$ cat final-v4.txt   # compact mmCIF, C-alpha atoms
# COMPACT_ATOMS: atom_id res chain seq x y z
CA MET A 1 106.65 43.91 29.26
CA ILE A 2 104.31 42.08 26.89
CA ARG A 3 102.39 40.77 29.90
CA GLU A 4 101.82 44.32 31.17
CA PHE A 5 100.55 45.40 27.76
CA ILE A 6 98.11 42.47 27.65
CA CYS A 7 96.99 43.28 31.21
CA GLY A 8 96.29 46.88 30.17
CA PHE A 9 94.38 45.66 27.12
CA LEU A 10 92.15 43.42 29.24
CA ILE A 11 91.60 46.18 31.82
CA GLY A 12 90.54 48.53 29.03
CA LEU A 13 88.08 46.00 27.60
CA ALA A 14 86.61 45.43 31.08
CA ASN A 15 86.05 49.16 31.53
CA LEU A 16 83.94 49.20 28.37
CA VAL A 17 81.49 46.60 29.69
CA PRO A 18 78.83 47.91 32.11
CA GLY A 19 79.09 46.29 35.53
CA ILE A 20 82.63 44.98 35.03
CA SER A 21 85.41 46.73 36.92
CA GLY A 22 88.80 47.39 35.38
CA GLY A 23 90.14 47.50 38.94
CA THR A 24 88.85 43.99 39.54
CA ILE A 25 90.62 42.72 36.42
CA ALA A 26 93.83 44.41 37.60
CA VAL A 27 93.53 42.59 40.94
CA VAL A 28 92.81 39.31 39.16
CA LEU A 29 95.84 39.80 36.91
CA GLY A 30 98.04 40.41 39.93
CA ILE A 31 99.20 43.92 39.08
CA TYR A 32 96.81 46.14 41.03
CA GLU A 33 98.88 47.14 44.05
CA LYS A 34 102.09 47.43 42.02
CA LEU A 35 100.32 49.57 39.45
CA ILE A 36 98.90 51.91 42.10
CA MET A 37 102.32 52.34 43.71
CA ALA A 38 103.91 52.96 40.30
CA ILE A 39 101.36 55.60 39.29
CA VAL A 40 101.77 57.51 42.54
CA GLY A 41 105.55 57.18 42.32
CA ILE A 42 105.50 58.78 38.87
CA LEU A 43 103.23 61.57 40.10
CA LYS A 44 105.70 62.31 42.90
CA LEU A 45 108.66 61.97 40.50
CA LYS A 46 110.01 59.19 42.72
CA PHE A 47 109.86 56.13 40.52
CA SER A 48 112.05 53.34 39.25
CA LYS A 49 112.71 52.44 35.63
CA ASP A 50 110.59 49.30 36.02
CA GLN A 51 107.67 51.32 37.40
CA LEU A 52 107.81 53.71 34.44
CA LYS A 53 107.86 50.79 32.01
CA MET A 54 104.95 49.11 33.78
CA VAL A 55 102.72 52.19 33.70
CA SER A 56 103.69 52.90 30.08
CA PHE A 57 102.89 49.42 28.81
CA VAL A 58 99.71 49.01 30.86
CA GLY A 59 98.59 52.49 29.77
CA ALA A 60 99.33 51.73 26.12
CA GLY A 61 97.38 48.48 26.26
CA LEU A 62 94.47 50.17 28.00
CA ALA A 63 94.32 53.06 25.53
CA ILE A 64 94.54 50.80 22.48
CA SER A 65 91.87 48.44 23.80
CA ILE A 66 89.47 51.34 24.44
CA VAL A 67 90.02 52.82 20.98
CA LEU A 68 89.97 49.53 19.06
CA GLY A 69 87.64 47.60 21.34
CA SER A 70 84.76 50.06 21.68
CA LYS A 71 83.06 48.91 18.46
CA PHE A 72 83.73 45.24 19.22
CA VAL A 73 82.36 45.51 22.77
CA ASN A 74 79.30 47.38 21.50
CA TRP A 75 78.69 44.60 18.94
CA SER A 76 79.30 41.79 21.45
CA LEU A 77 76.93 43.31 24.01
CA ASN A 78 74.21 43.58 21.36
CA HIS A 79 74.71 40.15 19.81
CA ALA A 80 76.46 37.94 22.41
CA ALA A 81 76.03 39.57 25.82
CA GLY A 82 75.84 36.21 27.61
CA PHE A 83 79.15 35.01 26.22
CA THR A 84 80.80 38.40 26.83
CA TYR A 85 79.87 38.40 30.50
CA ALA A 86 80.62 34.66 30.79
CA ALA A 87 84.23 35.27 29.75
CA PHE A 88 84.76 37.93 32.43
CA PHE A 89 82.77 35.95 35.02
CA GLY A 90 84.96 32.89 34.57
CA PHE A 91 88.07 35.04 34.58
CA VAL A 92 87.20 36.49 37.98
CA VAL A 93 85.95 33.23 39.53
CA GLY A 94 89.17 31.45 38.62
CA THR A 95 91.25 33.69 40.86
CA VAL A 96 88.97 33.89 43.91
CA PRO A 97 90.95 31.17 45.80
CA PHE A 98 94.18 33.12 45.32
CA LEU A 99 92.56 36.40 46.33
CA ALA A 100 91.29 34.72 49.51
CA LYS A 101 94.74 33.30 50.27
CA GLN A 102 96.28 36.73 49.75
CA LEU A 103 94.16 38.22 52.53
CA GLY A 104 96.37 36.67 55.19
CA LYS A 105 94.11 37.53 58.10
CA ILE A 106 90.40 37.34 57.28
CA LYS A 107 88.31 40.19 58.65
CA ILE A 108 84.70 39.27 57.94
CA HIS A 109 83.22 42.67 58.78
CA TYR A 110 85.39 44.40 56.16
CA ILE A 111 84.42 41.80 53.56
CA VAL A 112 80.74 42.26 54.42
CA PHE A 113 81.15 46.04 54.28
CA GLY A 114 82.61 45.73 50.78
CA ILE A 115 79.67 43.58 49.69
CA ILE A 116 77.14 46.05 51.15
CA ILE A 117 78.80 49.06 49.50
CA PHE A 118 78.82 47.29 46.14
CA LEU A 119 75.18 46.22 46.37
CA PHE A 120 74.10 49.73 47.37
CA LEU A 121 75.91 51.37 44.45
CA GLU A 122 74.83 48.76 41.91
CA TYR A 123 71.15 48.50 42.81
CA SER A 124 70.28 51.97 44.08
CA SER A 125 68.57 52.81 40.74
CA ILE A 126 69.96 56.36 40.75
CA SER A 127 70.04 58.09 37.37
CA PHE A 128 70.74 61.56 36.02
CA ASN A 129 70.61 63.46 32.76
CA THR A 130 74.00 65.06 32.30
CA SER A 131 74.78 68.05 30.07
CA LYS A 132 77.92 68.30 27.98
CA SER A 133 79.40 70.89 30.35
CA LEU A 134 79.46 68.33 33.17
CA PHE A 135 81.42 65.72 31.19
CA PRO A 136 84.66 66.51 33.11
CA VAL A 137 82.85 65.79 36.40
CA VAL A 138 81.48 62.49 35.09
CA GLY A 139 84.94 61.66 33.73
CA PHE A 140 86.43 62.27 37.18
CA ILE A 141 83.87 60.09 38.99
CA SER A 142 84.05 57.35 36.34
CA ALA A 143 87.84 57.16 36.43
CA PHE A 144 87.79 57.13 40.23
CA ALA A 145 85.34 54.20 40.12
CA MET A 146 87.46 52.40 37.52
CA VAL A 147 90.40 52.35 39.93
CA ILE A 148 88.39 50.86 42.82
CA PRO A 149 88.12 47.06 42.38
CA GLY A 150 84.53 45.89 42.11
CA LEU A 151 83.19 49.28 41.02
CA SER A 152 82.47 49.95 37.38
CA GLY A 153 83.32 53.15 35.56
CA SER A 154 80.88 52.12 32.84
CA LEU A 155 78.12 51.84 35.44
CA VAL A 156 78.85 55.40 36.57
CA MET A 157 78.53 56.55 32.97
CA LEU A 158 75.19 54.74 32.70
CA ILE A 159 73.97 56.39 35.92
CA PHE A 160 74.83 59.82 34.53
CA GLY A 161 73.35 58.94 31.14
CA VAL A 162 76.55 59.41 29.13
CA TYR A 163 77.61 55.80 28.43
CA ASN A 164 76.38 55.70 24.84
CA ASP A 165 77.70 59.22 24.19
CA VAL A 166 81.18 58.34 25.43
CA LEU A 167 81.26 54.99 23.60
CA SER A 168 80.14 56.72 20.40
CA ALA A 169 82.73 59.48 20.92
CA VAL A 170 85.50 56.91 21.23
CA SER A 171 84.46 54.88 18.19
CA SER A 172 83.93 57.97 15.99
CA MET A 173 86.73 60.08 17.56
CA LYS A 174 84.66 63.07 18.64
CA ILE A 175 87.54 65.09 20.00
CA ASP A 176 85.49 67.71 21.87
CA LEU A 177 83.63 65.16 24.02
CA LEU A 178 86.73 63.02 24.50
CA PHE A 179 88.72 66.03 25.68
CA LEU A 180 86.10 67.05 28.25
CA PHE A 181 85.62 63.52 29.55
CA GLY A 182 89.33 62.71 29.46
CA PHE A 183 90.28 65.89 31.32
CA GLY A 184 88.17 64.87 34.29
CA ALA A 185 89.21 61.22 33.99
CA ILE A 186 92.90 62.06 34.35
CA PHE A 187 92.31 63.83 37.65
CA GLY A 188 90.01 61.02 38.80
CA LEU A 189 92.75 58.49 38.09
CA ILE A 190 95.31 60.58 39.98
CA PHE A 191 93.17 61.14 43.08
CA ALA A 192 91.97 57.52 43.19
CA SER A 193 95.54 56.20 42.92
CA ILE A 194 96.75 58.45 45.74
CA PHE A 195 93.76 57.42 47.87
CA MET A 196 94.33 53.69 47.31
CA LYS A 197 98.08 53.99 47.98
CA TYR A 198 97.29 55.62 51.31
CA LEU A 199 94.90 52.78 52.22
CA PHE A 200 97.42 50.10 51.26
CA GLU A 201 100.15 51.76 53.33
CA LYS A 202 98.04 52.46 56.42
CA PHE A 203 95.37 49.71 56.36
CA LEU A 204 96.71 46.90 54.16
CA VAL A 205 94.80 43.95 55.66
CA GLN A 206 91.55 45.91 56.00
CA THR A 207 91.81 47.23 52.44
CA ARG A 208 92.47 43.81 50.95
CA ASN A 209 89.50 42.36 52.82
CA PHE A 210 87.27 45.23 51.70
CA ILE A 211 88.40 44.79 48.08
CA PHE A 212 87.76 41.04 48.36
CA GLY A 213 84.19 41.83 49.40
CA LEU A 214 83.78 44.14 46.41
CA VAL A 215 85.12 41.48 44.03
CA ILE A 216 82.89 38.73 45.45
CA ALA A 217 79.83 40.98 45.23
CA SER A 218 80.72 41.99 41.68
CA LEU A 219 80.15 38.39 40.60
CA LEU A 220 76.43 38.96 41.17
CA LYS A 221 76.51 41.80 38.65
CA ILE A 222 78.67 40.18 35.98
CA GLN A 223 77.06 36.74 36.10
CA PRO A 224 75.98 35.91 32.54
CA PHE A 225 72.86 33.82 33.14
CA ASP A 226 70.29 36.58 32.69
CA LYS A 227 72.12 38.58 30.03
CA GLN A 228 70.87 36.58 27.04
CA SER A 229 68.32 33.89 26.23
CA PHE A 230 69.82 30.53 25.28
CA SER A 231 68.78 27.09 24.20
CA LEU A 232 70.19 24.16 26.17
CA TYR A 233 73.07 23.98 23.71
CA GLY A 234 73.69 27.70 24.18
CA TYR A 235 73.85 27.35 27.98
CA LEU A 236 76.30 24.46 27.63
CA CYS A 237 78.49 26.62 25.39
CA MET A 238 78.29 29.47 27.88
CA MET A 239 79.32 27.14 30.71
CA ALA A 240 82.23 25.99 28.55
CA VAL A 241 83.34 29.63 28.19
CA ILE A 242 83.17 30.09 31.98
CA ILE A 243 85.19 26.93 32.60
CA ILE A 244 87.83 27.79 29.97
CA THR A 245 88.35 31.37 31.16
CA GLY A 246 88.20 30.26 34.79
CA LEU A 247 90.92 27.67 34.28
CA ALA A 248 92.99 30.16 32.29
CA SER A 249 92.83 32.79 35.04
CA PHE A 250 93.48 30.13 37.69
CA GLN A 251 96.69 29.11 35.93
CA LEU A 252 97.65 32.75 35.39
CA ALA A 253 97.13 33.54 39.07
CA LYS A 254 99.04 30.42 40.06
CA SER A 255 102.02 31.30 37.91
CA SER A 256 102.17 34.94 38.92
CA LYS A 257 101.08 34.30 42.56
CA LEU A 258 99.04 37.48 42.22
CA GLU A 259 100.53 40.31 44.23
CA GLN A 260 102.83 39.04 46.91
CA GLY A 261 103.01 41.47 49.81

$ encode --input "final-v4.txt" --output "structure tokens"
Amino acid sequence: MIREFICGFLIGLANLVPGISGGTIAVVLGIYEKLIMAIVGILKLKFSKDQLKMVSFVGAGLAISIVLGSKFVNWSLNHAAGFTYAAFFGFVVGTVPFLAKQLGKIKIHYIVFGIIIFLFLEYSSISFNTSKSLFPVVGFISAFAMVIPGLSGSLVMLIFGVYNDVLSAVSSMKIDLLFLFGFGAIFGLIFASIFMKYLFEKFLVQTRNFIFGLVIASLLKIQPFDKQSFSLYGYLCMMAVIIITGLASFQLAKSSKLEQG
């Protein structure tokens, strides 16, 4: 179960970076559909021992990465944003061929629809000022977005103007804010998991094509080339990061064969 723990850790780190989707990383790591089914199985009290172990280890990795990684991610975004995004960019790009192969039957209109939905949400320039009393609502929407591949829970927090507050609350353990946000996030996770399970059971091919569109479009958001100014040497180093993480994720996807279904 070490692999599941590492997957949860990487998903947690992704959720801390604006524009990067934890759901996308779960898809890339090949555990997304299995994780959704396991979560819903536990909610319905109809789960196997392996499903319970999977959710426990992924959850533990995710929680630890959010608690321990919040300060690191905050530092890396302030001092090495280009390299931070380059690592995730390469990680996603490396698995695109396997994600495409997994589709089985390609339905272009669903892929295009996924791309359009992503672009609308990412570039609509909507913003709000959110009071403390609405933190459970933001937590719900953020967690729901975290579960949908291609959508970013961190972006939702930025839209509602609570990203810095939540990141600060995690790093300094402000229990009152964490409780309010976490309360809503738990219900968001539950509802999103049930929703995605329904889609996978009733519209598997369509859902996979839609998710593929979201993932492809997300590359526009997480591309690292405008996140930081570099010298020629810096750009070469950034490209090296993309190649290394891309090859690593390619080999990971090849060995795990993503989610066979």

$ atom_distance --input "final-v4.txt" --atom1 "CA of Lys107 in chain A" --atom2 "CA of Arg208 in chain A"
9.5 Å

$ closest_atom_pairs --input "final-v4.txt" --of "range 92-123 of chain A" --to "range 146-154 of chain A" --cutoff "10 Å" --atoms "all atoms listed in the file" --output "JSON lines"
{"residue": "A:Gly114", "atom": "CA", "partner": "A:Gly150", "partner_atom": "CA", "distance": 8.9}
{"residue": "A:Ile115", "atom": "CA", "partner": "A:Gly150", "partner_atom": "CA", "distance": 9.3}
{"residue": "A:Ile117", "atom": "CA", "partner": "A:Leu151", "partner_atom": "CA", "distance": 9.6}
{"residue": "A:Phe118", "atom": "CA", "partner": "A:Leu151", "partner_atom": "CA", "distance": 7.0}
{"residue": "A:Leu121", "atom": "CA", "partner": "A:Leu151", "partner_atom": "CA", "distance": 8.3}
{"residue": "A:Glu122", "atom": "CA", "partner": "A:Leu151", "partner_atom": "CA", "distance": 8.4}

$ closest_residue --input "final-v4.txt" --among "A:Phe88, A:Phe120, A:Phe83, A:Trp75" --to "Leu214 in chain A" --atoms "all atoms listed in the file"
A:Phe120

$ residues_near_point --input "final-v4.txt" --point "(96.9, 37.0, 38.5)" --cutoff "12 Å" --atoms "only C-alpha atoms" --output "VMD selection string"
chain A and resid 3 to 4 7 24 to 33 91 to 99 102 246 to 260

$ atom_distance --input "final-v4.txt" --atom1 "CA of Gln228 in chain A" --atom2 "CA of Asn74 in chain A"
14.8 Å

$ closest_residue --input "final-v4.txt" --among "A:Gly213, A:Gly59, A:Gly22, A:Gly41" --to "Ser193 in chain A" --atoms "all atoms listed in the file"
A:Gly41

$ residues_near_point --input "final-v4.txt" --point "(93.5, 43.7, 50.8)" --cutoff "10 Å" --atoms "only C-alpha atoms" --output "ChimeraX atom specification"
/A:27,33,99-100,102-106,110-111,199-200,203-213,261

$ closest_residue --input "final-v4.txt" --among "A:Met157, A:Gly8, A:Phe113, A:Val215" --to "Ser56 in chain A" --atoms "all atoms listed in the file"
A:Gly8

$ closest_residue --input "final-v4.txt" --among "A:Ser168, A:Ser48, A:Ser142, A:Ser21" --to "Lys221 in chain A" --atoms "only C-alpha atoms"
A:Ser21

$ atom_distance --input "final-v4.txt" --atom1 "CA of Asp165 in chain A" --atom2 "CA of Pro18 in chain A"
13.9 Å

$ closest_residue --input "final-v4.txt" --among "A:Ile2, A:Ile190, A:Val138, A:Ile11" --to "Ile159 in chain A" --atoms "all atoms listed in the file"
A:Val138
